[in-house]
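Content type TSV, C-alpha atoms, from the file model_0.tsv:
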```
chain	number	residue	atom	x	y	z
M	1	LYS	CA	0.00	0.00	0.00
M	2	GLN	CA	1.38	3.38	-1.02
M	3	GLU	CA	2.07	5.74	1.88
M	4	VAL	CA	3.16	9.36	1.59
M	5	THR	CA	4.99	11.17	4.38
M	6	GLN	CA	5.89	14.83	4.64
M	7	ILE	CA	8.56	16.36	6.83
M	8	PRO	CA	8.50	18.69	8.64
M	9	ALA	CA	4.89	18.88	9.77
M	10	ALA	CA	5.26	22.59	10.48
M	11	LEU	CA	7.82	25.25	9.72
M	12	SER	CA	8.12	28.90	10.77
M	13	VAL	CA	10.77	31.06	9.11
M	14	PRO	CA	11.60	34.74	8.62
M	15	GLU	CA	10.95	36.35	5.29
M	16	GLY	CA	13.71	35.90	2.69
M	17	GLU	CA	14.86	32.43	3.68
M	18	ASN	CA	15.20	29.60	1.17
M	19	LEU	CA	13.18	26.55	2.18
M	20	VAL	CA	13.11	22.83	1.47
M	21	LEU	CA	10.00	20.76	2.07
M	22	ASN	CA	10.34	16.99	1.94
M	23	CYS	CA	8.01	14.27	0.68
M	24	SER	CA	8.67	10.54	0.71
M	25	PHE	CA	6.62	7.67	-0.68
M	26	THR	CA	6.92	3.93	-0.13
M	27	ASP	CA	6.16	2.56	-3.62
M	28	SER	CA	8.36	3.89	-6.43
M	29	ALA	CA	5.91	2.78	-9.12
M	30	ILE	CA	4.17	6.12	-9.62
M	31	TYR	CA	2.70	7.84	-12.65
M	32	ASN	CA	3.32	11.37	-11.43
M	33	LEU	CA	3.76	13.48	-8.31
M	34	GLN	CA	2.09	16.78	-7.62
M	35	TRP	CA	2.67	19.56	-5.11
M	36	PHE	CA	-0.33	21.57	-3.92
M	37	ARG	CA	-0.86	24.61	-1.78
M	38	GLN	CA	-3.86	24.87	0.57
M	39	ASP	CA	-4.92	28.11	2.21
M	40	PRO	CA	-7.24	28.03	5.24
M	41	GLY	CA	-10.85	27.47	4.22
M	42	LYS	CA	-9.95	27.04	0.59
M	43	GLY	CA	-9.38	24.21	-1.82
M	44	LEU	CA	-6.08	23.00	-3.18
M	45	THR	CA	-4.09	24.89	-5.79
M	46	SER	CA	-1.72	22.87	-7.96
M	47	LEU	CA	1.82	24.23	-7.89
M	48	LEU	CA	3.91	21.74	-9.83
M	49	LEU	CA	3.37	18.35	-11.45
M	50	ILE	CA	6.29	16.05	-12.19
M	51	GLN	CA	5.80	13.08	-14.49
M	52	SER	CA	7.57	9.87	-13.45
M	53	SER	CA	10.07	10.28	-16.30
M	54	GLN	CA	11.05	13.79	-15.19
M	55	ARG	CA	13.57	14.83	-12.56
M	56	GLU	CA	12.34	18.32	-11.76
M	57	GLN	CA	9.92	21.12	-12.56
M	58	THR	CA	10.26	24.85	-11.96
M	59	SER	CA	7.75	27.65	-11.68
M	60	GLY	CA	8.94	31.05	-10.57
M	61	ARG	CA	10.48	30.76	-7.10
M	62	LEU	CA	9.41	27.13	-6.80
M	63	ASN	CA	11.41	24.10	-7.83
M	64	ALA	CA	10.31	20.51	-7.30
M	65	SER	CA	12.57	17.52	-7.74
M	66	LEU	CA	11.74	13.84	-8.00
M	67	ASP	CA	13.95	10.84	-7.23
M	68	LYS	CA	11.64	7.96	-7.97
M	69	SER	CA	14.11	5.21	-7.13
M	70	SER	CA	14.58	6.50	-3.59
M	71	GLY	CA	10.93	7.48	-3.19
M	72	ARG	CA	11.58	11.15	-2.52
M	73	SER	CA	10.56	14.57	-3.73
M	74	THR	CA	11.55	17.99	-2.49
M	75	LEU	CA	9.90	21.37	-2.96
M	76	TYR	CA	12.35	24.23	-2.87
M	77	ILE	CA	11.00	27.73	-2.21
M	78	ALA	CA	13.44	30.54	-2.89
M	79	ALA	CA	13.35	33.89	-1.10
M	80	SER	CA	10.24	33.10	0.95
M	81	GLN	CA	7.55	35.76	1.43
M	82	PRO	CA	4.72	36.11	3.96
M	83	GLY	CA	2.30	35.34	1.12
M	84	ASP	CA	3.83	31.86	0.90
M	85	SER	CA	2.28	31.01	4.27
M	86	ALA	CA	-0.01	28.03	3.69
M	87	THR	CA	-0.09	24.25	3.97
M	88	TYR	CA	1.86	22.44	1.27
M	89	LEU	CA	0.67	18.99	0.25
M	90	CYS	CA	2.48	16.37	-1.76
M	91	ALA	CA	0.43	13.78	-3.67
M	92	VAL	CA	1.36	10.78	-5.79
M	93	ARG	CA	-0.69	9.17	-8.50
M	94	PRO	CA	-0.18	5.41	-8.59
M	95	GLY	CA	0.71	3.84	-11.91
M	96	VAL	CA	-2.73	2.56	-12.92
M	97	VAL	CA	-5.56	4.28	-11.08
M	98	ASP	CA	-6.27	7.99	-11.25
M	99	LYS	CA	-6.71	8.81	-7.58
M	100	LEU	CA	-4.15	10.87	-5.71
M	101	ILE	CA	-2.59	9.70	-2.46
M	102	PHE	CA	-1.72	12.65	-0.25
M	103	GLY	CA	0.73	13.26	2.53
M	104	THR	CA	-0.38	15.02	5.71
M	105	GLY	CA	1.17	18.30	4.62
M	106	THR	CA	3.70	20.84	5.87
M	107	ARG	CA	2.21	23.94	7.49
M	108	LEU	CA	4.45	26.88	6.57
M	109	GLN	CA	4.47	30.27	8.22
M	110	VAL	CA	6.70	33.03	6.86
M	111	PHE	CA	6.86	36.06	9.12
M	112	PRO	CA	7.99	39.57	8.14
X	1	GLY	CA	-17.60	28.24	-14.96
X	2	ALA	CA	-14.05	29.32	-14.27
X	3	GLY	CA	-13.35	26.66	-11.69
X	4	VAL	CA	-14.77	23.79	-9.69
X	5	SER	CA	-17.60	24.91	-7.43
X	6	GLN	CA	-19.12	23.14	-4.45
X	7	SER	CA	-22.24	23.74	-2.41
X	8	PRO	CA	-23.02	24.24	0.32
X	9	ARG	CA	-19.73	25.59	1.62
X	10	TYR	CA	-20.71	24.74	5.19
X	11	LYS	CA	-23.17	22.21	6.50
X	12	VAL	CA	-24.13	21.43	10.06
X	13	ALA	CA	-26.12	18.25	10.58
X	14	LYS	CA	-27.48	16.48	13.61
X	15	ARG	CA	-26.33	12.92	14.04
X	16	GLY	CA	-28.59	10.63	12.04
X	17	GLN	CA	-29.56	13.17	9.40
X	18	ASP	CA	-28.95	12.64	5.70
X	19	VAL	CA	-26.88	15.21	3.77
X	20	ALA	CA	-26.21	15.88	0.08
X	21	LEU	CA	-23.12	17.68	-1.15
X	22	ARG	CA	-22.92	19.05	-4.67
X	23	CYS	CA	-19.98	19.46	-7.03
X	24	ASP	CA	-19.95	21.37	-10.32
X	25	PRO	CA	-16.76	20.48	-12.20
X	26	ILE	CA	-15.05	22.61	-14.79
X	27	SER	CA	-17.10	22.53	-17.99
X	28	GLY	CA	-15.97	19.74	-20.28
X	29	HIS	CA	-13.90	17.92	-17.69
X	30	VAL	CA	-14.36	14.21	-18.04
X	31	SER	CA	-13.05	12.92	-14.71
X	32	LEU	CA	-14.37	13.84	-11.28
X	33	PHE	CA	-13.04	12.86	-7.86
X	34	TRP	CA	-14.29	13.13	-4.30
X	35	TYR	CA	-11.91	13.33	-1.34
X	36	GLN	CA	-12.44	13.56	2.42
X	37	GLN	CA	-10.09	15.70	4.50
X	38	ALA	CA	-10.15	15.36	8.27
X	39	LEU	CA	-8.76	18.16	10.40
X	40	GLY	CA	-4.97	18.28	10.23
X	41	GLN	CA	-4.76	15.51	7.66
X	42	GLY	CA	-4.25	15.26	3.93
X	43	PRO	CA	-7.22	14.52	1.66
X	44	GLU	CA	-8.18	10.88	1.29
X	45	PHE	CA	-9.72	9.46	-1.87
X	46	LEU	CA	-13.39	8.48	-1.76
X	47	THR	CA	-14.56	7.83	-5.32
X	48	TYR	CA	-13.90	8.57	-9.00
X	49	PHE	CA	-16.10	9.08	-12.06
X	50	GLN	CA	-15.25	9.11	-15.73
X	51	ASN	CA	-18.22	10.80	-17.35
X	52	GLU	CA	-21.24	9.16	-15.69
X	53	ALA	CA	-19.47	5.91	-14.88
X	54	GLN	CA	-18.27	5.40	-11.32
X	55	LEU	CA	-15.01	3.57	-11.93
X	56	ASP	CA	-13.64	3.40	-8.42
X	57	LYS	CA	-15.50	3.65	-5.13
X	58	SER	CA	-12.94	1.84	-3.03
X	59	GLY	CA	-12.45	4.81	-0.70
X	60	LEU	CA	-16.05	5.16	0.45
X	61	PRO	CA	-15.85	4.39	4.19
X	62	SER	CA	-19.21	2.68	4.53
X	63	ASP	CA	-22.44	1.91	2.71
X	64	ARG	CA	-23.84	5.13	4.18
X	65	PHE	CA	-21.84	6.99	1.54
X	66	PHE	CA	-23.19	7.17	-1.99
X	67	ALA	CA	-22.10	9.24	-4.99
X	68	GLU	CA	-23.65	9.80	-8.38
X	69	ARG	CA	-23.01	11.72	-11.58
X	70	PRO	CA	-26.01	10.83	-13.72
X	71	GLU	CA	-25.37	13.10	-16.71
X	72	GLY	CA	-21.59	13.16	-16.60
X	73	SER	CA	-21.24	16.69	-15.23
X	74	VAL	CA	-22.64	17.65	-11.79
X	75	SER	CA	-22.00	15.13	-9.03
X	76	THR	CA	-23.66	14.62	-5.65
X	77	LEU	CA	-22.14	12.92	-2.63
X	78	LYS	CA	-24.80	11.69	-0.23
X	79	ILE	CA	-24.19	10.60	3.32
X	80	GLN	CA	-27.00	8.80	5.08
X	81	ARG	CA	-27.49	8.66	8.85
X	82	THR	CA	-24.52	10.93	9.50
X	83	GLN	CA	-22.16	10.13	12.37
X	84	GLN	CA	-19.75	12.41	14.22
X	85	GLU	CA	-16.79	10.74	12.52
X	86	ASP	CA	-18.15	11.99	9.18
X	87	SER	CA	-17.20	15.54	10.18
X	88	ALA	CA	-14.60	16.67	7.65
X	89	VAL	CA	-14.08	18.82	4.58
X	90	TYR	CA	-15.28	17.12	1.43
X	91	LEU	CA	-13.31	18.13	-1.64
X	92	CYS	CA	-14.24	17.67	-5.27
X	93	ALA	CA	-11.72	17.74	-8.13
X	94	SER	CA	-11.95	17.42	-11.89
X	95	THR	CA	-9.50	16.78	-14.71
X	96	GLU	CA	-9.68	17.32	-18.43
X	97	ARG	CA	-8.30	13.85	-19.19
X	98	ARG	CA	-7.15	14.30	-22.76
X	99	GLY	CA	-5.08	11.37	-23.82
X	100	ALA	CA	-1.58	11.36	-22.37
X	101	ALA	CA	-1.48	15.01	-21.33
X	102	PRO	CA	-0.49	15.64	-17.70
X	103	ASP	CA	-3.76	15.51	-15.84
X	104	THR	CA	-3.63	18.16	-13.17
X	105	GLN	CA	-6.55	17.84	-10.79
X	106	TYR	CA	-8.39	21.11	-10.18
X	107	PHE	CA	-9.98	21.30	-6.75
X	108	GLY	CA	-13.06	23.07	-5.50
X	109	PRO	CA	-13.16	25.02	-2.20
X	110	GLY	CA	-14.73	22.10	-0.37
X	111	THR	CA	-17.77	21.60	1.85
X	112	ARG	CA	-17.09	21.63	5.58
X	113	LEU	CA	-19.46	19.17	7.23
X	114	THR	CA	-19.95	19.26	10.98
X	115	VAL	CA	-22.04	16.54	12.57
X	116	LEU	CA	-23.28	17.33	16.06
```
I'd like the structure from this file rewritten - as structure tokens, please.
Amino acid sequence: KQEVTQIPAALSVPEGENLVLNCSFTDSAIYNLQWFRQDPGKGLTSLLLIQSSQREQTSGRLNASLDKSSGRSTLYIAASQPGDSATYLCAVRPGVVDKLIFGTGTRLQVFP
Amino acid sequence: GAGVSQSPRYKVAKRGQDVALRCDPISGHVSLFWYQQALGQGPEFLTYFQNEAQLDKSGLPSDRFFAERPEGSVSTLKIQRTQQEDSAVYLCASTERRGAAPDTQYFGPGTRLTVL
């Protein structure tokens, strides 16, 4: 059974710091991996999607890497801003079915 | 519409009541998913539709949970005889599902269900 774990569970940093959020999964047979952002009381916003054949994806200050063989992904946030404060969720899509399997998230707070 | 919409946004039910949660996916999206998110946890898969066909309902926690998408667009998640453990945010997502294109799931704002 695929299990997804995110570390740390919570993180509080001053504005301007570079951050690394970690995601690990137990079964390397995945179709893709997706990073989401969730703001309180709101749905999930997709940040980056990495196909199983890719090693990384970049969007603005965000960079996500994927090491399928070791079952790990990292989300790198450069020059963090207070507006980055949210919960970040990692999700894997297993090879055959379409559902996403989520981690428990990392709650990030960036203070001025 | 511009995105996935869900209604109601908040629902309070007394234990034992039946509830119905609605999801309007992005127009033209073929696939629709329901997830349940307990407080402090990540979303957990409930069920999946491709058009009107329910292809996977392995995540439904009990036979009190029922989902339908009769015309392949709007979907309703029904919970019968609600229990306190049903309290959660129920999220709906849709994907375009065109061939081999990366299929980002677009999520609605969710319905927060509180069972008293």
Name all residues at most 9 Å from segment 54-71 of chain M (count all atoms listed in the file; drop same-chain ones fewer than 5 positions away) and give them as a PDB file with C-alpha atoms, in the coordinates of the input.
```pdb
ATOM      1  CA  CYS M  23       8.010  14.270   0.680  1.00  0.00           C
ATOM      2  CA  SER M  24       8.670  10.540   0.710  1.00  0.00           C
ATOM      3  CA  PHE M  25       6.620   7.670  -0.680  1.00  0.00           C
ATOM      4  CA  THR M  26       6.920   3.930  -0.130  1.00  0.00           C
ATOM      5  CA  ASP M  27       6.160   2.560  -3.620  1.00  0.00           C
ATOM      6  CA  SER M  28       8.360   3.890  -6.430  1.00  0.00           C
ATOM      7  CA  ALA M  29       5.910   2.780  -9.120  1.00  0.00           C
ATOM      8  CA  ILE M  30       4.170   6.120  -9.620  1.00  0.00           C
ATOM      9  CA  ASN M  32       3.320  11.370 -11.430  1.00  0.00           C
ATOM     10  CA  LEU M  33       3.760  13.480  -8.310  1.00  0.00           C
ATOM     11  CA  TRP M  35       2.670  19.560  -5.110  1.00  0.00           C
ATOM     12  CA  LEU M  47       1.820  24.230  -7.890  1.00  0.00           C
ATOM     13  CA  LEU M  48       3.910  21.740  -9.830  1.00  0.00           C
ATOM     14  CA  LEU M  49       3.370  18.350 -11.450  1.00  0.00           C
ATOM     15  CA  TYR M  76      12.350  24.230  -2.870  1.00  0.00           C
ATOM     16  CA  ILE M  77      11.000  27.730  -2.210  1.00  0.00           C
ATOM     17  CA  ALA M  78      13.440  30.540  -2.890  1.00  0.00           C
ATOM     18  CA  ALA M  79      13.350  33.890  -1.100  1.00  0.00           C
ATOM     19  CA  SER M  80      10.240  33.100   0.950  1.00  0.00           C
TER      20      SER M  80
END
```
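Closest to chain X among M:Ala9, M:Glu17, M:Leu108, M:Gly95 is M:Ala9, based on only C-alpha atoms.
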Please build the interface table for chain M against chain X with a cut-off of 12 Å, listing for each qualifying residue the nearest atom pair and the distance in Å to one decimal; count only C-alpha atoms, order rows by chain and increasing number, and write it as CSV.
```
residue,atom,partner,partner_atom,distance
M:Glu3,CA,X:Glu44,CA,11.5
M:Val4,CA,X:Gly42,CA,9.8
M:Thr5,CA,X:Gly42,CA,10.1
M:Gln6,CA,X:Gly42,CA,10.2
M:Ala9,CA,X:Gly40,CA,9.9
M:Ala10,CA,X:Gly40,CA,11.1
M:Tyr31,CA,X:Pro102,CA,9.8
M:Asn32,CA,X:Pro102,CA,8.5
M:Leu33,CA,X:Thr104,CA,10.0
M:Gln34,CA,X:Thr104,CA,8.1
M:Trp35,CA,X:Thr104,CA,10.3
M:Phe36,CA,X:Gln105,CA,10.0
M:Arg37,CA,X:Phe107,CA,10.9
M:Gln38,CA,X:Pro109,CA,9.7
M:Asp39,CA,X:Pro109,CA,9.8
M:Pro40,CA,X:Pro109,CA,10.0
M:Gly41,CA,X:Pro109,CA,7.2
M:Lys42,CA,X:Pro109,CA,4.7
M:Gly43,CA,X:Pro109,CA,3.9
M:Leu44,CA,X:Phe107,CA,5.6
M:Thr45,CA,X:Phe107,CA,7.0
M:Ser46,CA,X:Tyr106,CA,7.2
M:Leu47,CA,X:Thr104,CA,9.7
M:Leu48,CA,X:Thr104,CA,9.0
M:Leu49,CA,X:Thr104,CA,7.2
M:Ile50,CA,X:Pro102,CA,8.7
M:Gln51,CA,X:Pro102,CA,7.5
M:Ser52,CA,X:Pro102,CA,10.8
M:Ser53,CA,X:Pro102,CA,11.9
M:Gln54,CA,X:Pro102,CA,12.0
M:Thr87,CA,X:Gly42,CA,9.9
M:Tyr88,CA,X:Gly42,CA,9.8
M:Leu89,CA,X:Gly42,CA,7.2
M:Cys90,CA,X:Gly42,CA,8.9
M:Ala91,CA,X:Gly42,CA,9.0
M:Val92,CA,X:Thr104,CA,11.6
M:Arg93,CA,X:Asp103,CA,10.2
M:Val96,CA,X:Asp56,CA,11.8
M:Val97,CA,X:Asp56,CA,8.6
M:Asp98,CA,X:Tyr48,CA,8.0
M:Lys99,CA,X:Phe45,CA,6.5
M:Leu100,CA,X:Phe45,CA,6.9
M:Ile101,CA,X:Glu44,CA,6.8
M:Phe102,CA,X:Gly42,CA,5.5
M:Gly103,CA,X:Gly42,CA,5.5
M:Thr104,CA,X:Gly42,CA,4.3
M:Gly105,CA,X:Gly42,CA,6.3
M:Thr106,CA,X:Gly42,CA,9.9
M:Arg107,CA,X:Gly40,CA,9.5
```
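Note that atom CA of Val110 of chain M and atom CA of Ser12 of chain M are 5.9 Å apart.
Candidate residues M:Ala86, M:Val13, M:Ile7, M:Leu19 were compared for distance to Arg72 of chain M, and the nearest is M:Ile7, using only C-alpha atoms.
The spacing separating atom CA of Ser27 of chain X from atom CA of Pro61 of chain X amounts to 28.7 Å.
Here atom CA of Lys78 of chain X is placed at a distance of 4.4 Å from atom CA of Ala20 of chain X.
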Calculated over all atoms listed in the file, which of the candidates X:Val12, X:Ile79, X:Val74, X:Ala88 has the smallest distance to Gln50 of chain X? X:Val74
Find the spatial neighbours of Arg81 of chain X, counting all atoms listed in the file, within a cut-off of 9 Å - ignore same-chain residues fewer than 4 positions away - and output them as an NGL selection string. :X and (15-19 or 64)
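With all atoms listed in the file as the atoms that count, the residue of X:Ala2, X:Leu60, X:Ala67, X:Leu116 with the shortest distance to Gly28 of chain X is X:Ala2.
The closest residue to Pro8 of chain X, picked from X:Glu52, X:Glu96, X:Glu68, X:Asp24 and counting only C-alpha atoms, is X:Asp24.
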Using all atoms listed in the file, what residues lie at most 8 Å away from (14.6, 20.6, 0.4) (file coordinates), given as a VMD selection string? chain M and resid 19 to 22 74 to 76
Size and centre in Å, one decimal, axis-aligned box, all listed segment 3-19 of chain M atoms plus 6 Å per side, as AutoDock Vina command-line options:
```
--center_x 8.6 --center_y 21.0 --center_z 6.0 --size_x 25.1 --size_y 42.6 --size_z 21.6
```
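Those residues positioned at most 6 Å from (-19.1, 15.0, -14.9) are Val30, Asn51, Gly72, Ser73 and Val74 of chain X, judged using all atoms listed in the file.
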